[in-house]
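Structure file work-v3.cif with mmCIF, C-alpha atoms:
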```cif
data_query
loop_
_atom_site.group_PDB
_atom_site.id
_atom_site.type_symbol
_atom_site.label_atom_id
_atom_site.label_comp_id
_atom_site.auth_asym_id
_atom_site.auth_seq_id
_atom_site.Cartn_x
_atom_site.Cartn_y
_atom_site.Cartn_z
ATOM 1 C CA PRO A 1 95.872 124.022 269.928
ATOM 2 C CA THR A 2 97.073 120.824 271.550
ATOM 3 C CA TYR A 3 94.563 118.384 270.056
ATOM 4 C CA LYS A 4 96.173 115.648 267.942
ATOM 5 C CA TYR A 5 94.139 114.235 265.090
ATOM 6 C CA THR A 6 94.272 110.498 264.473
ATOM 7 C CA ASN A 7 92.422 110.843 261.160
ATOM 8 C CA HIS A 8 95.000 112.017 258.602
ATOM 9 C CA LYS A 9 92.334 113.772 256.544
ATOM 10 C CA LYS A 10 91.609 116.148 259.440
ATOM 11 C CA LYS A 11 95.144 117.274 260.261
ATOM 12 C CA PHE A 12 94.762 120.684 258.631
ATOM 13 C CA ASP A 13 91.217 121.283 259.906
ATOM 14 C CA LEU A 14 92.177 123.572 262.791
ATOM 15 C CA HIS A 15 93.715 126.139 260.480
ATOM 16 C CA GLU A 16 91.007 127.910 258.506
ATOM 17 C CA PRO A 17 90.770 131.341 256.805
ATOM 18 C CA GLU A 18 90.367 134.169 259.320
ATOM 19 C CA ALA A 19 90.321 137.248 257.097
ATOM 20 C CA ASN A 20 89.179 138.325 253.635
ATOM 21 C CA CYS A 21 91.042 139.910 250.773
ATOM 22 C CA ILE A 22 88.397 141.388 248.510
ATOM 23 C CA SER A 23 90.684 141.428 245.479
ATOM 24 C CA GLU A 24 92.003 137.873 245.892
ATOM 25 C CA GLU A 25 92.464 135.985 242.644
ATOM 26 C CA ARG A 26 93.900 132.690 241.432
ATOM 27 C CA PHE A 27 97.064 133.743 239.649
ATOM 28 C CA GLY A 28 99.409 132.089 237.151
ATOM 29 C CA SER A 29 97.643 130.590 234.135
ATOM 30 C CA ASN A 30 98.763 128.230 231.385
ATOM 31 C CA SER A 31 97.181 130.382 228.707
ATOM 32 C CA GLY A 32 98.701 133.623 229.896
ATOM 33 C CA VAL A 33 95.213 135.094 230.295
ATOM 34 C CA ARG A 34 94.991 136.641 233.749
ATOM 35 C CA TYR A 35 91.723 135.082 234.949
ATOM 36 C CA GLU A 36 92.245 131.620 233.464
ATOM 37 C CA ALA A 37 94.454 130.185 236.207
ATOM 38 C CA PHE A 38 93.120 126.708 236.902
ATOM 39 C CA GLY A 39 94.394 123.368 238.203
ATOM 40 C CA ASP A 40 97.480 122.623 240.288
ATOM 41 C CA GLY A 41 100.155 125.312 240.344
ATOM 42 C CA PRO A 42 98.492 128.737 240.440
ATOM 43 C CA LYS A 43 98.393 130.616 243.751
ATOM 44 C CA PHE A 44 95.820 132.865 245.395
ATOM 45 C CA VAL A 45 97.232 136.394 245.369
ATOM 46 C CA CYS A 46 95.864 139.409 247.217
ATOM 47 C CA GLY A 47 95.965 142.858 245.644
ATOM 48 C CA VAL A 48 97.564 142.215 242.259
ATOM 49 C CA ASP A 49 96.705 145.699 241.021
ATOM 50 C CA VAL A 50 97.979 147.321 244.224
ATOM 51 C CA ILE A 51 101.335 145.579 243.782
ATOM 52 C CA ALA A 52 101.390 146.488 240.077
ATOM 53 C CA LYS A 53 100.792 150.142 240.922
ATOM 54 C CA LYS A 54 103.600 150.074 243.477
ATOM 55 C CA ALA A 55 105.978 148.425 240.994
ATOM 56 C CA LYS A 56 105.184 151.030 238.356
ATOM 57 C CA LYS A 57 105.464 153.995 240.709
ATOM 58 C CA LYS A 58 108.426 153.025 242.901
ATOM 59 C CA ASN A 59 110.141 150.266 240.910
ATOM 60 C CA ASN A 60 110.751 148.519 244.239
ATOM 61 C CA CYS A 61 108.653 145.343 244.055
ATOM 62 C CA LEU A 62 110.309 142.082 245.134
ATOM 63 C CA VAL A 63 108.992 138.535 244.625
ATOM 64 C CA TYR A 64 110.536 135.240 245.806
ATOM 65 C CA SER A 65 109.448 131.955 244.228
ATOM 66 C CA VAL A 66 110.807 128.931 246.124
ATOM 67 C CA GLY A 67 110.487 125.575 244.351
ATOM 68 C CA SER A 68 110.197 125.692 240.581
ATOM 69 C CA ASN A 69 110.351 122.337 238.789
ATOM 70 C CA ASN A 70 110.611 124.606 235.728
ATOM 71 C CA ASP A 71 106.939 125.519 236.042
ATOM 72 C CA ILE A 72 107.193 129.236 235.343
ATOM 73 C CA ARG A 73 103.508 130.147 235.093
ATOM 74 C CA PHE A 74 103.659 132.211 238.273
ATOM 75 C CA GLU A 75 106.837 134.071 237.300
ATOM 76 C CA LYS A 76 105.423 134.823 233.859
ATOM 77 C CA ALA A 77 102.188 136.154 235.353
ATOM 78 C CA VAL A 78 104.056 138.407 237.789
ATOM 79 C CA HIS A 79 106.241 139.679 234.944
ATOM 80 C CA THR A 80 103.158 140.358 232.801
ATOM 81 C CA TYR A 81 100.710 141.845 235.303
ATOM 82 C CA MET A 82 103.063 143.378 237.881
ATOM 83 C CA LYS A 83 105.532 144.945 235.483
ATOM 84 C CA GLY A 84 108.694 146.094 237.189
ATOM 85 C CA CYS A 85 108.713 143.486 239.956
ATOM 86 C CA GLU A 86 112.096 141.898 240.605
ATOM 87 C CA ILE A 87 111.597 138.112 240.674
ATOM 88 C CA HIS A 88 113.960 135.519 242.162
ATOM 89 C CA THR A 89 113.360 131.781 241.712
ATOM 90 C CA PHE A 90 115.031 129.145 243.908
ATOM 91 C CA ASP A 91 115.338 125.423 243.195
ATOM 92 C CA PRO A 92 118.316 123.172 244.031
ATOM 93 C CA THR A 93 117.015 120.152 242.119
ATOM 94 C CA LEU A 94 117.163 121.183 238.469
ATOM 95 C CA ASP A 95 120.773 119.968 238.303
ATOM 96 C CA ASP A 96 121.802 119.937 234.643
ATOM 97 C CA THR A 97 118.367 121.014 233.436
ATOM 98 C CA PRO A 98 118.460 124.680 232.345
ATOM 99 C CA PHE A 99 116.003 127.010 234.036
ATOM 100 C CA VAL A 100 113.513 128.034 231.358
ATOM 101 C CA GLY A 101 112.250 131.219 233.005
ATOM 102 C CA GLY A 102 115.294 133.419 232.577
ATOM 103 C CA GLU A 103 113.224 135.958 230.670
ATOM 104 C CA TYR A 104 111.128 136.547 233.774
ATOM 105 C CA ALA A 105 113.231 135.753 236.853
ATOM 106 C CA THR A 106 116.756 135.469 238.224
ATOM 107 C CA PHE A 107 117.449 131.834 239.086
ATOM 108 C CA HIS A 108 119.363 130.522 242.113
ATOM 109 C CA PRO A 109 120.088 126.776 242.582
ATOM 110 C CA TRP A 110 119.723 127.154 246.338
ATOM 111 C CA GLY A 111 117.682 125.115 248.809
ATOM 112 C CA LEU A 112 115.792 126.843 251.623
ATOM 113 C CA GLY A 113 115.681 125.541 255.174
ATOM 114 C CA SER A 114 118.039 125.998 258.099
ATOM 115 C CA ASP A 115 121.637 127.038 257.434
ATOM 116 C CA GLY A 116 123.570 123.855 256.598
ATOM 117 C CA GLY A 117 120.472 121.677 257.108
ATOM 118 C CA LYS A 118 119.067 118.822 255.017
ATOM 119 C CA GLU A 119 115.336 119.514 255.181
ATOM 120 C CA GLY A 120 113.129 118.442 252.292
ATOM 121 C CA VAL A 121 115.057 115.392 251.047
ATOM 122 C CA THR A 122 113.043 115.292 247.845
ATOM 123 C CA MET A 123 111.439 118.039 245.802
ATOM 124 C CA HIS A 124 109.212 117.371 242.817
ATOM 125 C CA GLU A 125 110.274 113.689 242.970
ATOM 126 C CA ARG A 126 113.973 114.574 242.636
ATOM 127 C CA ARG A 127 116.710 114.237 245.217
ATOM 128 C CA ASN A 128 117.545 117.426 247.072
ATOM 129 C CA ASP A 129 121.038 116.675 248.392
ATOM 130 C CA GLY A 130 122.577 120.127 248.709
ATOM 131 C CA GLU A 131 122.873 122.120 251.903
ATOM 132 C CA ARG A 132 120.106 124.542 252.780
ATOM 133 C CA MET A 133 120.170 128.239 253.565
ATOM 134 C CA SER A 134 117.875 130.238 255.791
ATOM 135 C CA PHE A 135 115.857 133.104 254.352
ATOM 136 C CA GLN A 136 117.972 135.472 256.415
ATOM 137 C CA THR A 137 121.136 134.188 254.728
ATOM 138 C CA VAL A 138 119.537 134.351 251.282
ATOM 139 C CA MET A 139 118.399 137.935 251.794
ATOM 140 C CA GLN A 140 121.871 138.911 252.977
ATOM 141 C CA LYS A 141 123.532 137.257 249.966
ATOM 142 C CA LEU A 142 121.176 139.066 247.573
ATOM 143 C CA GLY A 143 121.360 142.428 249.322
ATOM 144 C CA HIS A 144 117.658 142.411 250.192
ATOM 145 C CA THR A 145 117.861 142.884 253.963
ATOM 146 C CA ASN A 146 116.232 146.314 253.891
ATOM 147 C CA ARG A 147 113.603 145.529 251.279
ATOM 148 C CA THR A 148 110.004 144.388 251.518
ATOM 149 C CA ILE A 149 109.193 141.018 249.963
ATOM 150 C CA ASP A 150 105.862 141.732 248.290
ATOM 151 C CA ILE A 151 105.158 138.058 247.581
ATOM 152 C CA LEU A 152 106.857 134.989 248.984
ATOM 153 C CA LYS A 153 105.677 131.906 247.087
ATOM 154 C CA ILE A 154 106.962 128.618 248.447
ATOM 155 C CA ASP A 155 106.429 124.989 247.455
ATOM 156 C CA CYS A 156 109.551 123.188 248.624
ATOM 157 C CA GLN A 157 107.930 119.878 249.614
ATOM 158 C CA GLY A 158 109.000 119.660 253.220
ATOM 159 C CA CYS A 159 111.505 122.455 253.813
ATOM 160 C CA GLU A 160 108.734 124.836 254.879
ATOM 161 C CA TYR A 161 108.722 123.690 258.515
ATOM 162 C CA ALA A 162 112.423 124.513 258.894
ATOM 163 C CA SER A 163 112.571 127.644 256.727
ATOM 164 C CA MET A 164 109.381 129.517 257.608
ATOM 165 C CA PRO A 165 109.182 129.702 261.457
ATOM 166 C CA PRO A 166 112.531 131.575 261.656
ATOM 167 C CA MET A 167 111.289 133.839 258.857
ATOM 168 C CA PHE A 168 108.098 134.491 260.832
ATOM 169 C CA GLU A 169 110.254 135.411 263.830
ATOM 170 C CA LEU A 170 112.167 137.935 261.717
ATOM 171 C CA ILE A 171 108.867 139.425 260.571
ATOM 172 C CA ALA A 172 107.445 139.537 264.112
ATOM 173 C CA SER A 173 110.581 141.298 265.377
ATOM 174 C CA GLY A 174 110.339 143.932 262.653
ATOM 175 C CA ASN A 175 113.579 142.913 260.959
ATOM 176 C CA VAL A 176 111.888 141.735 257.750
ATOM 177 C CA GLN A 177 108.699 142.830 255.985
ATOM 178 C CA VAL A 178 106.763 140.256 253.922
ATOM 179 C CA ASP A 179 103.366 141.330 252.589
ATOM 180 C CA GLN A 180 102.056 137.882 251.686
ATOM 181 C CA VAL A 181 103.080 134.245 251.831
ATOM 182 C CA LEU A 182 101.640 131.799 249.286
ATOM 183 C CA ILE A 183 102.573 128.341 250.470
ATOM 184 C CA GLU A 184 101.754 124.688 249.957
ATOM 185 C CA LEU A 185 102.030 122.811 253.244
ATOM 186 C CA HIS A 186 102.800 119.110 253.146
ATOM 187 C CA ASP A 187 101.974 116.365 255.622
ATOM 188 C CA SER A 188 105.407 115.287 256.817
ATOM 189 C CA LYS A 189 103.926 111.926 257.892
ATOM 190 C CA GLN A 190 105.920 112.210 261.107
ATOM 191 C CA ASP A 191 104.492 111.462 264.547
ATOM 192 C CA ASN A 192 104.944 115.076 265.604
ATOM 193 C CA PHE A 193 103.312 116.566 262.508
ATOM 194 C CA THR A 194 100.317 118.073 264.321
ATOM 195 C CA SER A 195 102.657 119.882 266.704
ATOM 196 C CA GLN A 196 104.814 120.917 263.747
ATOM 197 C CA LEU A 197 101.787 122.384 262.011
ATOM 198 C CA ASN A 198 100.531 124.169 265.117
ATOM 199 C CA GLU A 199 103.952 125.721 265.690
ATOM 200 C CA PHE A 200 104.006 126.925 262.069
ATOM 201 C CA PHE A 201 100.675 128.746 262.388
ATOM 202 C CA SER A 202 101.447 130.054 265.866
ATOM 203 C CA ALA A 203 104.608 131.674 264.480
ATOM 204 C CA ALA A 204 102.656 133.091 261.509
ATOM 205 C CA ASP A 205 100.077 134.531 263.899
ATOM 206 C CA LYS A 206 102.784 136.303 265.925
ATOM 207 C CA ALA A 207 104.047 137.767 262.652
ATOM 208 C CA LYS A 208 100.516 139.162 262.081
ATOM 209 C CA LEU A 209 100.033 137.155 258.904
ATOM 210 C CA ARG A 210 96.375 136.243 258.430
ATOM 211 C CA ILE A 211 95.009 133.234 256.549
ATOM 212 C CA VAL A 212 92.868 134.517 253.685
ATOM 213 C CA HIS A 213 92.651 131.352 251.592
ATOM 214 C CA LYS A 214 92.902 127.591 251.965
ATOM 215 C CA GLU A 215 92.621 124.930 249.267
ATOM 216 C CA ARG A 216 93.351 121.221 249.493
ATOM 217 C CA ASN A 217 95.443 119.948 246.613
ATOM 218 C CA GLN A 218 93.026 117.538 244.962
ATOM 219 C CA TRP A 219 95.400 116.907 242.053
ATOM 220 C CA GLY A 220 98.010 115.090 244.146
ATOM 221 C CA CYS A 221 99.039 114.158 247.689
ATOM 222 C CA ASP A 222 96.136 111.687 247.985
ATOM 223 C CA GLY A 223 93.827 114.690 247.794
ATOM 224 C CA PHE A 224 94.354 115.749 251.412
ATOM 225 C CA ARG A 225 98.031 115.588 252.425
ATOM 226 C CA CYS A 226 98.952 118.927 250.794
ATOM 227 C CA VAL A 227 97.109 122.193 251.333
ATOM 228 C CA GLU A 228 97.594 125.565 249.678
ATOM 229 C CA TYR A 229 97.451 128.560 252.015
ATOM 230 C CA ALA A 230 97.581 132.287 251.386
ATOM 231 C CA LEU A 231 98.654 134.391 254.352
ATOM 232 C CA VAL A 232 98.627 138.182 254.124
ATOM 233 C CA SER A 233 100.066 140.751 256.516
ATOM 234 C CA GLU A 234 97.533 142.872 258.376
ATOM 235 C CA SER A 235 99.076 146.050 256.958
ATOM 236 C CA PHE A 236 98.912 144.935 253.321
ATOM 237 C CA LEU A 237 95.435 143.471 253.820
ATOM 238 C CA ARG A 238 94.211 146.896 254.918
ATOM 239 C CA GLU A 239 95.956 148.524 251.963
ATOM 240 C CA ALA A 240 94.554 146.056 249.402
ATOM 241 C CA ASN A 241 90.989 146.169 250.776
ATOM 242 C CA GLU A 242 91.065 149.945 251.048
ATOM 243 C CA ALA A 243 92.061 150.167 247.386
ATOM 244 C CA ILE A 244 88.820 148.368 246.480
ATOM 245 C CA LEU A 245 86.424 149.879 249.015
ATOM 246 C CA CYS A 246 87.633 153.454 248.631
ATOM 247 C CA SER A 247 88.315 153.452 244.881
ATOM 248 C CA ALA A 248 85.187 155.429 244.149
#
```

Spell out the structure here as structure tokens.
Amino acid sequence: PTYKYTNHKKKFDLHEPEANCISEERFGSNSGVRYEAFGDGPKFVCGVDVIAKKAKKKNNCLVYSVGSNNDIRFEKAVHTYMKGCEIHTFDPTLDDTPFVGGEYATFHPWGLGSDGGKEGVTMHERRNDGERMSFQTVMQKLGHTNRTIDILKIDCQGCEYASMPPMFELIASGNVQVDQVLIELHDSKQDNFTSQLNEFFSAADKAKLRIVHKERNQWGCDGFRCVEYALVSESFLREANEAILCSA
């Protein structure tokens, strides 16, 4: 789309859910009870039980969580309900604050973006001064280049527009497999934001990632400047829906 909205509240309106995940659920609760994930923070995950079954059977489940702020509800939920998943958490802004989720995830004080870039100057109201790395570089450093990322959760408060389009290109080219992306998109407040947003979703579309959920963040961002999206690959969407429809 080329239309540019002048009303800031409508900037995300072009990008609506286009597919359904029957087993979608809000995931990552304060209480630790699976279906009590409310408020700001939890994500909408497709096929939790399918991923759990894979983790149990093959012990080859991989989850990336980008942007932490030491909120480990998501990591704890993955550890509890998808036992066997390997979880990696990334946040360059904790500085001298110890990561509290070591029981559930391996922590990396790395910022995502373009290699050597400075995208996302702040994260969770803290300065983000370190250099960034691309997902390709991160996967190479961790030895994950030939593995599927079952869930990529990302809330990096601005780095998404630099880090994700190249990742989508890797997915579209068949060099990387990501089953679902759970992401909070932020209004960059730049003049070219509408184009930035359209380019993001165009790249996701080429990667055959389908929007299955959208939720405006009513707890912050003026109630409309941040939007949670869940995008699921066509292949995993078929697998997750088949698990429900054909379970009998």

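Distances here use only C-alpha atoms; by that measure, the residue among A:Leu170, A:Cys85, A:Leu112, A:Ile151 closest to A:Val232 is A:Ile151.
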
Inset, instruction - Carefully work through the PyMOL selection byres ((chain A and resi 240) around 10) for this structure and note down the residues it includes, as a VMD selection string. - result: chain A and resid 21 to 24 46 to 51 234 to 239 241 to 245

Evaluate the PyMOL selection byres ((chain A and resi 210) around 10) here and jot the selected residues down as a PDB file with C-alpha atoms, in the coordinates of the input.
```pdb
ATOM      1  CA  GLU A  16      91.007 127.910 258.506  1.00  0.00           C
ATOM      2  CA  PRO A  17      90.770 131.341 256.805  1.00  0.00           C
ATOM      3  CA  GLU A  18      90.367 134.169 259.320  1.00  0.00           C
ATOM      4  CA  ALA A  19      90.321 137.248 257.097  1.00  0.00           C
ATOM      5  CA  ASN A  20      89.179 138.325 253.635  1.00  0.00           C
ATOM      6  CA  GLN A 180     102.056 137.882 251.686  1.00  0.00           C
ATOM      7  CA  VAL A 181     103.080 134.245 251.831  1.00  0.00           C
ATOM      8  CA  PHE A 201     100.675 128.746 262.388  1.00  0.00           C
ATOM      9  CA  ALA A 204     102.656 133.091 261.509  1.00  0.00           C
ATOM     10  CA  ASP A 205     100.077 134.531 263.899  1.00  0.00           C
ATOM     11  CA  LYS A 206     102.784 136.303 265.925  1.00  0.00           C
ATOM     12  CA  ALA A 207     104.047 137.767 262.652  1.00  0.00           C
ATOM     13  CA  LYS A 208     100.516 139.162 262.081  1.00  0.00           C
ATOM     14  CA  LEU A 209     100.033 137.155 258.904  1.00  0.00           C
ATOM     15  CA  ILE A 211      95.009 133.234 256.549  1.00  0.00           C
ATOM     16  CA  VAL A 212      92.868 134.517 253.685  1.00  0.00           C
ATOM     17  CA  HIS A 213      92.651 131.352 251.592  1.00  0.00           C
ATOM     18  CA  ALA A 230      97.581 132.287 251.386  1.00  0.00           C
ATOM     19  CA  LEU A 231      98.654 134.391 254.352  1.00  0.00           C
ATOM     20  CA  VAL A 232      98.627 138.182 254.124  1.00  0.00           C
ATOM     21  CA  SER A 233     100.066 140.751 256.516  1.00  0.00           C
ATOM     22  CA  GLU A 234      97.533 142.872 258.376  1.00  0.00           C
ATOM     23  CA  LEU A 237      95.435 143.471 253.820  1.00  0.00           C
TER      24      LEU A 237
END
```

Inset, instruction - Can you pull out every residue within 6 Å of stretch 90-101 of chain A, counting all atoms listed in the file, but drop anything in the same chain fewer than 6 positions away, and send it as a PyMOL selection string? - result: chain A and resi 66-68+72+108-111+128

Inset, instruction - For a cut-off of 10 Å around (102.2, 117.3, 257.6), file coordinates, pick out all residues using all atoms listed in the file and list them as a PyMOL selection string. - result: chain A and resi 8+11-12+158+161+185-197+225-227

Store the residues picked out above, limited to C-alpha atoms, as an mmCIF file, in the frame of the given file.
```
data_model
loop_
_atom_site.group_PDB
_atom_site.id
_atom_site.type_symbol
_atom_site.label_atom_id
_atom_site.label_comp_id
_atom_site.auth_asym_id
_atom_site.auth_seq_id
_atom_site.Cartn_x
_atom_site.Cartn_y
_atom_site.Cartn_z
ATOM 1 C CA HIS A 8 95.000 112.017 258.602
ATOM 2 C CA LYS A 11 95.144 117.274 260.261
ATOM 3 C CA PHE A 12 94.762 120.684 258.631
ATOM 4 C CA GLY A 158 109.000 119.660 253.220
ATOM 5 C CA TYR A 161 108.722 123.690 258.515
ATOM 6 C CA LEU A 185 102.030 122.811 253.244
ATOM 7 C CA HIS A 186 102.800 119.110 253.146
ATOM 8 C CA ASP A 187 101.974 116.365 255.622
ATOM 9 C CA SER A 188 105.407 115.287 256.817
ATOM 10 C CA LYS A 189 103.926 111.926 257.892
ATOM 11 C CA GLN A 190 105.920 112.210 261.107
ATOM 12 C CA ASP A 191 104.492 111.462 264.547
ATOM 13 C CA ASN A 192 104.944 115.076 265.604
ATOM 14 C CA PHE A 193 103.312 116.566 262.508
ATOM 15 C CA THR A 194 100.317 118.073 264.321
ATOM 16 C CA SER A 195 102.657 119.882 266.704
ATOM 17 C CA GLN A 196 104.814 120.917 263.747
ATOM 18 C CA LEU A 197 101.787 122.384 262.011
ATOM 19 C CA ARG A 225 98.031 115.588 252.425
ATOM 20 C CA CYS A 226 98.952 118.927 250.794
ATOM 21 C CA VAL A 227 97.109 122.193 251.333
#
```

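Atom CA of A:Arg216 lies 29.6 Å from atom CA of A:Thr106.
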
Legend entry - Interatomic distance, atom CA of A:Pro166 to atom CA of A:Val178 (Å, one decimal): 13.0 Å

Inset, instruction - Using the chain letters and numbers from the file, give me the residues hit by the PyMOL selection byres ((chain A and resi 138) around 12), as a PyMOL selection string. - result: chain A and resi 64+66+88-90+108-115+132-137+139-145+163+167

Inset, instruction - Identify, on the basis of all atoms listed in the file, every residue whose closest approach to stretch 37-43 of chain A does not exceed 6 Å; exclude the query and any residue fewer than 4 positions from it along the same chain; express the result as an NGL selection string. - result: :A and (26-29)

Restricted to C-alpha atoms, what would the selected residues look like written as a PDB file, in the coordinates of the input?
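As a result, again_38.pdb now contains:
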```pdb
ATOM      1  CA  ARG A  26      93.900 132.690 241.432  1.00  0.00           C
ATOM      2  CA  PHE A  27      97.064 133.743 239.649  1.00  0.00           C
ATOM      3  CA  GLY A  28      99.409 132.089 237.151  1.00  0.00           C
ATOM      4  CA  SER A  29      97.643 130.590 234.135  1.00  0.00           C
TER       5      SER A  29
END
```
